[in-house]
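J.: First the structure, then my questions, so here it is.
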Amino acid sequence: MTKVLKKVSEKKGMSPGSLVYVGEEDPKDTKISIIDYNKDELNEKITNKIKDCLIFKNNKNVSWLQINGLKNTELIKELGKYYDIHHLILEDILNTNQRPKIEIFDNYIFTVLNILNFDKENNKIISEQISLILGKNFVISFLENENSIFDLLKTRIKNKKSILRNSEVDFLFYAILDTIIDNYFVLLENFNDKLEEFDEQLISEPKSDILKKIYNLKREILFLRKSVWPLRELILKIEKSNTSFIRKKTYFYFRDLYDHVIHIIDIIEINRDLLSGMLDLYLSTINNKMNEVMKVLTIIATIFIPLTFIAGVYGMNFENMPELTWGFGYYGIMLFMFLIASFMLYFFKRKKWF
Amino acid sequence: MTKVLKKVSEKKGMSPGSLVYVGEEDPKDTKISIIDYNKDELNEKITNKIKDCLIFKNNKNVSWLQINGLKNTELIKELGKYYDIHHLILEDILNTNQRPKIEIFDNYIFTVLNILNFDKENNKIISEQISLILGKNFVISFLENENSIFDLLKTRIKNKKSILRNSEVDFLFYAILDTIIDNYFVLLENFNDKLEEFDEQLISEPKSDILKKIYNLKREILFLRKSVWPLRELILKIEKSNTSFIRKKTYFYFRDLYDHVIHIIDIIEINRDLLSGMLDLYLSTINNKMNEVMKVLTIIATIFIPLTFIAGVYGMNFENMPELTWGFGYYGIMLFMFLIASFMLYFFKRKKWF
Amino acid sequence: MTKVLKKVSEKKGMSPGSLVYVGEEDPKDTKISIIDYNKDELNEKITNKIKDCLIFKNNKNVSWLQINGLKNTELIKELGKYYDIHHLILEDILNTNQRPKIEIFDNYIFTVLNILNFDKENNKIISEQISLILGKNFVISFLENENSIFDLLKTRIKNKKSILRNSEVDFLFYAILDTIIDNYFVLLENFNDKLEEFDEQLISEPKSDILKKIYNLKREILFLRKSVWPLRELILKIEKSNTSFIRKKTYFYFRDLYDHVIHIIDIIEINRDLLSGMLDLYLSTINNKMNEVMKVLTIIATIFIPLTFIAGVYGMNFENMPELTWGFGYYGIMLFMFLIASFMLYFFKRKKWF
Amino acid sequence: MTKVLKKVSEKKGMSPGSLVYVGEEDPKDTKISIIDYNKDELNEKITNKIKDCLIFKNNKNVSWLQINGLKNTELIKELGKYYDIHHLILEDILNTNQRPKIEIFDNYIFTVLNILNFDKENNKIISEQISLILGKNFVISFLENENSIFDLLKTRIKNKKSILRNSEVDFLFYAILDTIIDNYFVLLENFNDKLEEFDEQLISEPKSDILKKIYNLKREILFLRKSVWPLRELILKIEKSNTSFIRKKTYFYFRDLYDHVIHIIDIIEINRDLLSGMLDLYLSTINNKMNEVMKVLTIIATIFIPLTFIAGVYGMNFENMPELTWGFGYYGIMLFMFLIASFMLYFFKRKKWF
Amino acid sequence: MTKVLKKVSEKKGMSPGSLVYVGEEDPKDTKISIIDYNKDELNEKITNKIKDCLIFKNNKNVSWLQINGLKNTELIKELGKYYDIHHLILEDILNTNQRPKIEIFDNYIFTVLNILNFDKENNKIISEQISLILGKNFVISFLENENSIFDLLKTRIKNKKSILRNSEVDFLFYAILDTIIDNYFVLLENFNDKLEEFDEQLISEPKSDILKKIYNLKREILFLRKSVWPLRELILKIEKSNTSFIRKKTYFYFRDLYDHVIHIIDIIEINRDLLSGMLDLYLSTINNKMNEVMKVLTIIATIFIPLTFIAGVYGMNFENMPELTWGFGYYGIMLFMFLIASFMLYFFKRKKWF
């Protein structure tokens with residue numbers, strides 16, 4: 001089941017700013033991948049020491065530090081010191097249970113959001129928190145695990161002709177956000193596919209497990225909604241911030257991102273309405289089936305119960321029952337029964353019961 | 001079934017601004033129709049080369065370039081170069097899955113919205129995306145397929161006395177939007193007709209397929225809503241933009257357009273309420289029918305079950321059953337049964353069961 | 001049935017500003033009634049030529065032109081020319097399917113709203129559109145048919161001592177709006193009376209046609225809502241407009257009008273809630289009745305079915321059934337049956353089934 | 001039943017400002033009670049002539065004029081003249097069907113709100129309209145009937161040490177509002193008590209009259225809501241008005257009043273949610289009971305119907321039925337029936353039907 | 001049951017500002033604990049006299065006065081005098097039924113909010129009101145009972161290296177709020193655990209008491225919501241206040257607090273949606289079970305009722321029934337019955353009833 005809230009109670013009452021990792025599963029060892037590039041050259045490095053990163057901090061190239069794995073809190077602390085990051089921000093990075101948000105400082109922009117992936121094996125959405133720090137000429141990304149959604153992005157960086165390779169660090173920041181947000185569309189498509197699949201099952205063969213499935217879809221959409229809604233405000237904040245970290249010509253790209261988020265929110269809200277419509281439809285179909293069942297019972301029962309009574313009457317053992325001795329008695333009573341049954345059938349027909 | 005979301009996943013991770021057409025069906029070959037006019041003269045041209053358009057760009061007439069078909073991405077790219085259009089905008093034009101929006105630039109206004117048509121054969125709403133670019137003295141429209149809703153508009157352009165012919169390019173831009181938005185009213189009328197048709201069926205003969213129909217109407221109205229809601233903000237943005245592309249006296253027409261959109265939204269919301277009211281009504285009618293069925297069953301069963309029991313008692317084969325030998329036994333028991341049945345009928349009558 | 005949307009599709013694609021009357025029924029011939037007054041004198045005139053009105057336009061008296069009937073579009077066009085009215089406004093006047101709105105121009109104020117009357121014969125709300133133009137010293141009203149709700153207003157004008165007679169044209173404008181809005185209260189009272197009537201029926205004798213009635217009430221309230229909600233914004237706009245057409249001391253009257261509109265909206269919303277509460281109540285009452293029916297069936301059936309089985313057993317024709325020959329067999333079995341029945345009754349009693 | 005709307009139709013079309021009392025019941029004769037006080041002295045007077053009040057108007061003491069009963073419209077008119085009150089305000093005072101509102105004039109503040117009392121005898125909320133006029137050194141209150149909720153307030157005025165006695169007229173105005181608003185809490189407590197009482201009944205013994213009670217509670221809460229919601233805006237208006245009638249240090253008290261109103265609104269909304277939760281709970285409990293009934297019927301019927309059939313078979317009178325002559329036939333068939341019944345019970349047990 | 005509203009009616013009509021404690025249970029004797037610290041030294045004192053506190057008021061250290069127990073109103077009054085606190089604020093402190101709010105004065109900030117604890121024994125949420133006063137160099141907290149949630153906080157104060165110990169009084173104020181708000185997460189986790197527990201029960205074995213449990217969860221979440229919603233506005237007010245009591249660098253911490261509150265509100269709203277989804281699911285499951293029961297009944301009844309009728313016919317005692325004498329009569333009729341039963345089973349199978 002998709003979880004609404006990860007465990008955070010361990011942190012309660014601790015000093016704000018105390019660096020404890022609260023992720024659900026054991027994070028792998030922290031690994032640092034660095035891509036450093038300008039129009040002409042590109043360096044890649046994989047390390048696990050912060051000191052190796054510092055050379056990239058001070059050159060004029062665009063550099064992207066990917067911190068994968070958050071277990072090594074000492075390393076995060078060290079990085080915080082070198083890059084002058086507020087200790088509450090470090091705490092937010094490690095507490096992988098954040099609501100998406102953005103903080104704009106004088107020397108960097110911090111943002112945290114969720115990467116959602118659909119795990120087909122367990123049939124549930126897996127949420128991973130990504131924290132991004134945009135500095136003067138670097139982006140630092142923090143992830144619990146390495147994520148494959150950025151592979152294409154890296155290919156684009158390596159392509160000397162791509163806009164990304166020829167732009168400044170703010171465009172890299174935008175491209176990362178764009179990749180994450182575009183990924184929500186994939187989830188929504190997956191969601192819509194399921195919805196349409198149900199849609200067809202719903203009328204043809206409404207099984208009771210559909211109910212559980214609808215409920216799970218509802219959970220999923222609520223979960224998605226929780227991750228997407230705050231993004232609206234988040235991107236608006238970038239647009240309004242007037243920060244020097246974002247160049248004028250990049251603003252338009254963020255405007256485009258904003259439109260995507262609004263579009264996703266629209267689709268989520270429509271899907272919620274469709275889901276509740278499907279639930280109504282399912283319940284009514286079930287209800288109709290029940291109705292049909294009841295009608296069959298009622299028709300059969302109301303026809304035969306009186307007839308059985310009549311048969312019962314002539315099965316009584318009274319000595320003095322003149323009808324029993326009449327020669328045509330049996331045939332007469334059978335005809336009588338037939339008339340009653342016919343009348344009832346006619347009555348039900350007129351009532352449109354079948 | 002009306003689709004909420006077209007496939008977009010193919011584009012995920014690609015460079016923003018990469019020109020790929022994501023429409024659902026194969027678009028026809030791109031065809032360019034040009035109408036170029038002023039008060040006195042009017043030229044029409046159909047071509048498939050961008051270069052043929054350029055003469056119209058630089059004269060002082062109002063010109064309307066209609067790009068029908070989006071498959072030829074090279075052509076779109078070329079047009080983008082000649083008319084100096086941002087590559088993200090070109091991407092939006094080709095990605096026919098946009099939320100209605102407007103972008104106001106220094107050298108042009110870009111807007112994208114949906115033309116909705118009701119396909120009576122397949123009984124579903126077909127949505128087609130139209131992108132419009134309003135420049136200094138031209139409007140460019142991009143459509144996947146040629147659409148007949150603009151035929152009347154073209155006739156008006158050809159009429160030398162029409163306001164449209166005697167106005168500037170901003171009025172043409174308004175007239176195109178007005179045509180698209182007025183078309184929503186046609187859909188809503190169609191929708192209302194269906195609703196009223198159901199309304200009568202609902203009470204007289206509530207068949208189970210109505211449920212499915214109501215659900216489909218709900219889908220449709222949600223779809224319509226998705227296309228119309230953003231228009232509100234869109235037109236407000238034009239009004240507030242204070243752009244030099246719209247002349248002062250044309251603003252009033254946009255105000256009128258805004259009122260139309262609000263009116264459409266009002267009707268959509270009322271229809272949603274009516275639909276949910278119809279669903280309630282249908283379910284309750286079904287429920288009432290079921291009730292009636294149950295009452296018939298109960299009346300018949302509760303009258304005859306005790307009587308059948310009595311008949312059964314006197315059908316027992318005990319040797320020592322004095323009543324059986326009584327001369328009036330049979331008549332007495334029949335009278336007794338009649339009294340029980342009468343009492344029960346009286347009881348049900350008093351309970352107002354029939 | 002109260003219609004949500006009148007036919008407008010005929011107008012689609014026409015030139016904006018083309019004067020076509022789109023009302024539902026054939027309007028009567030256009031008739032112009034004029035009342036022209038100041039403190040001391042009062043003239044009334046009925047005509048069907050615009051030229052007859054012009055003398056009243058230029059004098060300093062307050063004059064009220066009532067245009068009843070909109071068929072004669074030529075006349076409306078002529079009037080538009082003399083009074084310098086924008087052709088889109090003329091179009092709005094003739095298109096009797098407008099959402100209530102107000103437009104404030106330099107030389108006049110235009111407003112359109114609905115007069116709602118309850119047609120008791122057909123048991124439905126009839127909506128009529130009224131357009132008002134407030135000029136420097138005149139009010140022009142446009143109606144499809146003459147309406148009796150203004151009779152009292154005219155009497156007040158004729159009364160030399162009334163505030164209305166002694167005030168300027170803005171007070172006449174206010175008085176007309178006040179009459180229309182106060183008329184909504186009458187509809188709401190009518191509505192509330194029906195609601196209370198149902199309320200009593202609902203519990204005492206819930207017939208199935210109540211459902212249809214509730215649904216029709218819901219339609220009506222939605223219709224009412226559609227006409228009233230925009231009034232809120234409309235009057236606020238007058239207040240904020242700071243237009244010279246409304247004198248300072250009249251503003252307070254519009255404030256009072258605004259309070260009335262808010263009050264009407266409040267009552268409408270409460271009535272919607274009450275209606276949905278009534279629906280719930282009705283459905284539950286029906287449900288309870290069904291429950292009662294089921295209980296009677298169950299009690300009768302569960303008591304007699306086992307007894308009938310026992311009687312059936314001793315009605316079997318096996319040769320070797322010792323009980324049948326026992327002298328007290330019959331009495332014993334009757335006692336046994338009685339005990340079973342008593343136990344069941346006790347069981348149902350304890351379950352509080354009756 | 002608590003009425004949503006009092007009759008106002010009599011007033012329709014009348015001149016705005018025409019003084020007609022529209023209260024539901026005959027108001028008692030108008031009675032004027034005056035309390036006039038400063039720190040050192042206090043005068044009380046009961047009269048029915050306006051002239052007796054004028055001496056209090058012109059002295060420097062705080063004076064509270066209580067007009068109880070609104071039948072004597074002449075007297076109200078006279079008072080309006082002496083105190084220079086707008087004739088629309090006088091109309092509002094007499095029209096006891098107002099939405100709570102406030103009007104801030106240069107020479108006085110006018111406010112109208114509802115005093116709600118719970119009439120335990122008739123088990124309904126009684127609403128009484130109170131109009132207040134705050135002038136330079138006086139408060140005038142208008143009530144249909146004398147109301148006991150102000151008794152404590154008067155006691156506080158008489159207490160020489162109370163803050164009220166030692167403050168200016170704005171504090172008196174505040175204290176009256178505070179008394180009225182605090183009275184809503186009493187109603188809510190009463191409401192909550194009922195709710196909790198139901199809560200216990202609901203599960204233990206869900207009788208069908210609870211439904212009607214829940215519905216009446218819903219009506220009540222809607223009624224309460226209608227009276228309280230506008231208060232929020234009303235008090236905000238005082239705060240924002242910056243009127244000289246309210247001294248700076250008294251503003252804080254109005255802030256406190258505002259918090260009370262918000263608190264009341266919170267509780268009302270929670271109660272609405274609880275009510276709808278209770279309705280769901282009730283319906284489901286009823287549904288569960290029905291389920292239980294159906295299960296008993298089904299178990300009994302499905303066990304005995306097949307058995308009765310078997311008994312019926314061996315009750316047939318065919319000459320050639322070998323089983324009937326078998327010595328162990330009867331015992332065998334009884335055993336067979338017993339096995340069938342046992343199997344069915346096992347089947348139902350496994351299905352967890354009991 | 002978690003109470004929505006504590007008794008306040010005793011206070012109605014009293015002078016605003018009259019100091020009466022309205023808590024539900026007898027508060028314990030008032031106890032004052034003081035922690036006074038700077039970087040270098042720390043003093044703790046427990047007393048029950050206000051005079052003992054005054055030395056801490058005037059030194060330059062940060063001091064935290066904890067007033068535990070509110071029974072001793074004289075003491076509160078005295079404290080109000082020494083610290084110059086408005087008497088309405090003192091009233092709010094004692095009236096432990098406040099909506100969370102904040103008041104910013106020139107010489108102190110007052111805030112009141114609720115500490116929620118889950119009482120596992122009685123399975124209900126216990127709400128305790130805490131009032132905080134932030135002065136120039138002191139925080140005063142008022143609680144009905146001593147609460148253990150601050151224990152960790154005190155430990156942090158005693159730790160010479162903690163940020164808290166090395167910060168000013170505004171950070172202490174923040175830390176207290178942070179502790180309270182973080183505590184809501186614990187409640188939500190507890191809530192989510194219950195929800196997930198139900199989730200599994202719901203499908204596997206839907207017992208009727210789950211309904212009551214869902215309803216109680218709904219109550220709880222409403223209660224939580226009532227406490228948390230106002231916090232949003234409360235913290236925003238601090239941020240916007242620009243008060244000198246909060247240092248610039250502490251503002252960022254309040255921003256963080258605000259994010260926490262929004263996160264809590266998000267989770268609450270999702271939980272409400274999940275709850276209503278669970279209710280739907282439960283009701284539908286119950287409905288499905290009922291359906292299944294009805295089907296079994298209908299199948300058994302509709303198969304055997306006609307057969308029983310046939311058996312009944314041949315149990316009649318007519319003298320002239322030729323079939324009875326036929327040698328194969330019995331076997332023929334048994335075969336006929338078998339065919340009917342088979343046909344019915346086939347019919348039900350095709351209808352997918354089992």
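The way I read the labels, and the way they are meant: chains A, B, ... in the order of the structure tokens, residue 1 as the first residue of every chain, and ligand 1 as the first ligand shown, with later ones counted on from there.
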Just want the 8 Å neighbourhood of region 53-69 of chain B, counted on only C-alpha atoms, with same-chain residues fewer than 5 positions away dropped. Output as an MDAnalysis selection string.
T.: chainID B and resid 27:38 137:146 168:169
J.: Would you write out those residues with N, CA, C and O atoms, as a short mmCIF file (atom, residue, chain, number, x, y, z; two decimals), in the first residue's frame?
T.:
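Final file, part.cif:
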data_model
loop_
_atom_site.label_atom_id
_atom_site.label_comp_id
_atom_site.auth_asym_id
_atom_site.auth_seq_id
_atom_site.Cartn_x
_atom_site.Cartn_y
_atom_site.Cartn_z
N PRO B 27 -1.15 12.76 -38.94
CA PRO B 27 -1.68 13.97 -39.52
C PRO B 27 -1.51 13.91 -41.03
O PRO B 27 -0.62 13.25 -41.55
N LYS B 28 -2.40 14.57 -41.72
CA LYS B 28 -2.25 14.63 -43.17
C LYS B 28 -1.05 15.51 -43.51
O LYS B 28 -0.49 16.20 -42.66
N ASP B 29 -0.68 15.48 -44.74
CA ASP B 29 0.40 16.35 -45.17
C ASP B 29 0.06 17.79 -44.84
O ASP B 29 -1.08 18.21 -44.94
N THR B 30 1.05 18.54 -44.41
CA THR B 30 0.83 19.93 -44.04
C THR B 30 0.46 20.75 -45.28
O THR B 30 1.10 20.66 -46.31
N LYS B 31 -0.62 21.56 -45.12
CA LYS B 31 -1.11 22.40 -46.22
C LYS B 31 -1.25 23.82 -45.68
O LYS B 31 -1.74 24.02 -44.58
N ILE B 32 -0.80 24.79 -46.45
CA ILE B 32 -0.87 26.18 -46.00
C ILE B 32 -1.88 26.94 -46.85
O ILE B 32 -1.73 27.02 -48.07
N SER B 33 -2.95 27.46 -46.19
CA SER B 33 -3.89 28.33 -46.91
C SER B 33 -3.70 29.75 -46.42
O SER B 33 -3.62 29.98 -45.22
N ILE B 34 -3.64 30.69 -47.33
CA ILE B 34 -3.43 32.08 -46.94
C ILE B 34 -4.58 32.93 -47.44
O ILE B 34 -5.03 32.78 -48.58
N ILE B 35 -5.12 33.76 -46.55
CA ILE B 35 -6.04 34.81 -46.98
C ILE B 35 -5.39 36.13 -46.61
O ILE B 35 -5.02 36.34 -45.45
N ASP B 36 -5.25 36.99 -47.58
CA ASP B 36 -4.60 38.28 -47.36
C ASP B 36 -5.56 39.35 -47.84
O ASP B 36 -6.02 39.30 -48.99
N TYR B 37 -5.90 40.31 -46.97
CA TYR B 37 -6.93 41.27 -47.39
C TYR B 37 -6.76 42.64 -46.75
O TYR B 37 -6.16 42.80 -45.69
N ASN B 38 -7.30 43.63 -47.45
CA ASN B 38 -7.58 44.92 -46.82
C ASN B 38 -8.96 45.33 -47.34
O ASN B 38 -9.65 44.53 -47.98
N ASN B 137 0.76 42.17 -38.30
CA ASN B 137 -0.33 42.26 -39.27
C ASN B 137 -0.74 40.90 -39.82
O ASN B 137 -1.23 40.78 -40.91
N PHE B 138 -0.47 39.86 -39.01
CA PHE B 138 -0.86 38.52 -39.46
C PHE B 138 -1.35 37.67 -38.28
O PHE B 138 -1.01 37.92 -37.13
N VAL B 139 -2.16 36.68 -38.63
CA VAL B 139 -2.52 35.62 -37.69
C VAL B 139 -2.10 34.31 -38.33
O VAL B 139 -2.38 34.09 -39.51
N ILE B 140 -1.39 33.47 -37.56
CA ILE B 140 -1.09 32.12 -38.06
C ILE B 140 -1.86 31.14 -37.22
O ILE B 140 -1.85 31.23 -35.98
N SER B 141 -2.61 30.23 -37.85
CA SER B 141 -3.33 29.21 -37.10
C SER B 141 -2.76 27.85 -37.46
O SER B 141 -2.47 27.58 -38.62
N PHE B 142 -2.59 27.00 -36.46
CA PHE B 142 -2.07 25.65 -36.66
C PHE B 142 -3.13 24.64 -36.25
O PHE B 142 -3.64 24.69 -35.13
N LEU B 143 -3.46 23.73 -37.16
CA LEU B 143 -4.48 22.73 -36.89
C LEU B 143 -3.99 21.38 -37.37
O LEU B 143 -3.27 21.29 -38.36
N GLU B 144 -4.40 20.30 -36.71
CA GLU B 144 -4.03 18.97 -37.18
C GLU B 144 -4.74 18.65 -38.48
O GLU B 144 -4.18 18.07 -39.39
N ASN B 145 -6.01 19.02 -38.53
CA ASN B 145 -6.79 18.79 -39.73
C ASN B 145 -7.55 20.06 -40.06
O ASN B 145 -7.84 20.87 -39.18
N GLU B 146 -7.93 20.21 -41.31
CA GLU B 146 -8.73 21.36 -41.67
C GLU B 146 -10.07 21.24 -40.95
O GLU B 146 -10.59 20.15 -40.75
N GLU B 168 -8.86 45.71 -38.34
CA GLU B 168 -7.45 45.34 -38.34
C GLU B 168 -7.28 43.88 -37.96
O GLU B 168 -8.27 43.17 -37.68
N VAL B 169 -6.02 43.46 -37.83
CA VAL B 169 -5.72 42.05 -37.58
C VAL B 169 -6.19 41.59 -36.20
O VAL B 169 -6.54 40.42 -36.01
#
J.: Might you pull out every residue within 8 Å of Gln98 (chain C), with only C-alpha atoms counted and same-chain residues fewer than 4 positions away left off, and present them as a ChimeraX atom specification?
T.: /B:263 /C:92,112-113,129
J.: Select, as a PyMOL selection string, those residues of chain E with any atom no more than 12 Å from chain B (distances computed using only C-alpha atoms).
T.: chain E and resi 305+308-309+312+315-317
J.: May I have the selected residues written with N, CA, C and O atoms, as a short mmCIF file (atom, residue, chain, number, x, y, z; two decimals), in the first residue's frame?
T.:
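Contents of again.cif, as written:
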data_model
loop_
_atom_site.label_atom_id
_atom_site.label_comp_id
_atom_site.auth_asym_id
_atom_site.auth_seq_id
_atom_site.Cartn_x
_atom_site.Cartn_y
_atom_site.Cartn_z
N ILE E 305 -38.70 -24.46 -5.24
CA ILE E 305 -40.13 -24.10 -5.15
C ILE E 305 -40.94 -24.75 -6.27
O ILE E 305 -41.98 -25.38 -5.99
N THR E 308 -41.11 -28.51 -5.54
CA THR E 308 -42.01 -28.81 -4.44
C THR E 308 -43.47 -28.74 -4.91
O THR E 308 -44.31 -29.54 -4.51
N PHE E 309 -43.73 -27.80 -5.81
CA PHE E 309 -45.08 -27.70 -6.35
C PHE E 309 -45.46 -28.98 -7.10
O PHE E 309 -46.55 -29.54 -6.90
N GLY E 312 -46.11 -31.60 -4.81
CA GLY E 312 -47.41 -31.33 -4.18
C GLY E 312 -48.56 -31.80 -5.06
O GLY E 312 -49.54 -32.37 -4.58
N GLY E 315 -49.13 -35.26 -4.80
CA GLY E 315 -49.53 -35.64 -3.45
C GLY E 315 -51.01 -35.40 -3.25
O GLY E 315 -51.56 -35.68 -2.18
N MET E 316 -51.67 -34.84 -4.29
CA MET E 316 -53.10 -34.60 -4.17
C MET E 316 -53.85 -35.92 -4.15
O MET E 316 -53.40 -36.91 -4.71
N ASN E 317 -55.00 -35.90 -3.52
CA ASN E 317 -55.72 -37.14 -3.28
C ASN E 317 -56.89 -37.38 -4.25
O ASN E 317 -57.83 -38.08 -3.92
#
J.: If we count only C-alpha atoms, what is near Ile176 (chain D) at a cut-off of 9 Å, once residues fewer than 5 positions away on the same chain are taken out, given as an mmCIF file with N, CA, C and O atoms, in the first residue's frame?
T.:
data_model
loop_
_atom_site.group_PDB
_atom_site.id
_atom_site.type_symbol
_atom_site.label_atom_id
_atom_site.label_comp_id
_atom_site.auth_asym_id
_atom_site.auth_seq_id
_atom_site.Cartn_x
_atom_site.Cartn_y
_atom_site.Cartn_z
ATOM 1 N N PHE D 150 -30.335 40.189 28.344
ATOM 2 C CA PHE D 150 -29.602 41.396 28.736
ATOM 3 C C PHE D 150 -29.671 41.701 30.232
ATOM 4 O O PHE D 150 -29.118 42.696 30.676
ATOM 5 N N LEU D 153 -26.376 41.960 31.916
ATOM 6 C CA LEU D 153 -25.681 43.146 31.440
ATOM 7 C C LEU D 153 -26.116 44.371 32.240
ATOM 8 O O LEU D 153 -25.293 45.198 32.669
ATOM 9 N N PHE D 171 -17.966 50.815 24.644
ATOM 10 C CA PHE D 171 -17.840 49.583 25.402
ATOM 11 C C PHE D 171 -19.218 48.965 25.667
ATOM 12 O O PHE D 171 -19.386 47.748 25.672
ATOM 13 N N ILE D 181 -23.466 37.273 21.103
ATOM 14 C CA ILE D 181 -22.615 36.252 20.489
ATOM 15 C C ILE D 181 -22.318 35.116 21.462
ATOM 16 O O ILE D 181 -22.335 33.946 21.090
#
J.: Need the shell around Leu234 (chain C): protein/DNA/RNA residues with any atom at most 7 Å away, counting only C-alpha atoms. Skip same-chain ones fewer than 3 positions apart. Format as an NGL selection string?
T.: :C and (101-102 or 230-231 or 237-238)
J.: Could you name the residues that touch Ile299 (chain B) at 10 Å or less, counting only C-alpha atoms, but leaving out those on the same chain fewer than 5 positions away, as a list in words?
T.: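 The contact residues come out as Thr302 of chain A; Met294, Phe304, Met344, Leu345, Phe348, Trp353 and Phe354 of chain B; Val293, Val296 and Leu297 of chain C.
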J.: Can you list every residue in region 78-320 of chain D that DSSP puts in strand (DSSP E or B), as JSON, numbers by chain?
T.: {"D": [101, 102, 103, 104, 109, 110, 111, 112, 113, 114, 115, 116, 117, 118, 119, 124, 125, 126, 127, 128, 129, 130, 131, 132, 133, 134, 138, 139, 140, 141, 142, 143]}
J.: So what do you get for CA of Ile76 (chain E) versus CA of Lys49 (chain E), distance-wise?
T.: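 A separation of 10.3 Å between them.
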J.: Which residues in region 2-240 of chain A does DSSP call alpha helix (DSSP H)? List them as number ranges by chain.
T.: A: 51-58, 73-83, 87-94, 151-158, 169-204, 209-240
J.: In Å, with one decimal, what is the gap from CA of Asp84 (chain C) to CA of Thr111 (chain C)?
T.: 15.8 Å
J.: Name the residues in contact with Ile109 (chain E) at a cut-off of 9 Å, using only C-alpha atoms, excluding same-chain residues fewer than 5 positions from it; report them as a VMD selection string.
T.: chain E and resid 102 to 104 132 to 135 243 245
J.: Can you write out the residues you just picked, keeping N, CA and C atoms, as a JSON list (two decimals), in the first residue's frame?
T.:
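Just written: out.json:
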[["chain", "number", "residue", "atom", "x", "y", "z"],
["E", 102, "ILE", "N", -3.08, 34.17, 17.97],
["E", 102, "ILE", "CA", -1.92, 34.93, 18.42],
["E", 102, "ILE", "C", -2.31, 36.39, 18.51],
["E", 103, "GLU", "N", -1.78, 37.07, 19.50],
["E", 103, "GLU", "CA", -1.99, 38.52, 19.62],
["E", 103, "GLU", "C", -0.63, 39.16, 19.79],
["E", 104, "ILE", "N", -0.34, 40.14, 18.97],
["E", 104, "ILE", "CA", 0.97, 40.80, 19.07],
["E", 104, "ILE", "C", 0.81, 42.19, 19.66],
["E", 132, "LEU", "N", 1.17, 30.93, 25.72],
["E", 132, "LEU", "CA", 2.57, 31.36, 25.79],
["E", 132, "LEU", "C", 2.64, 32.88, 25.72],
["E", 133, "ILE", "N", 3.48, 33.44, 26.55],
["E", 133, "ILE", "CA", 3.74, 34.88, 26.46],
["E", 133, "ILE", "C", 5.24, 35.08, 26.24],
["E", 134, "LEU", "N", 5.56, 35.73, 25.13],
["E", 134, "LEU", "CA", 6.96, 36.01, 24.82],
["E", 134, "LEU", "C", 7.23, 37.48, 25.11],
["E", 135, "GLY", "N", 8.06, 37.71, 26.09],
["E", 135, "GLY", "CA", 8.42, 39.08, 26.43],
["E", 135, "GLY", "C", 9.84, 39.41, 25.96],
["E", 243, "THR", "N", 7.60, 42.06, 14.10],
["E", 243, "THR", "CA", 7.78, 42.44, 15.49],
["E", 243, "THR", "C", 9.26, 42.37, 15.87],
["E", 245, "PHE", "N", 10.28, 41.33, 18.57],
["E", 245, "PHE", "CA", 10.52, 40.22, 19.49],
["E", 245, "PHE", "C", 11.20, 39.04, 18.80]]
J.: Counting only C-alpha atoms, what is within 12 Å of Met278 (chain D), bar same-chain residues fewer than 4 positions away, as a VMD selection string?
T.: (chain D and resid 195 to 203 206 210 to 211 213 to 215 217 to 218 271 to 274 282 to 285) or (chain E and resid 211 to 212 214 to 216 218 to 219)
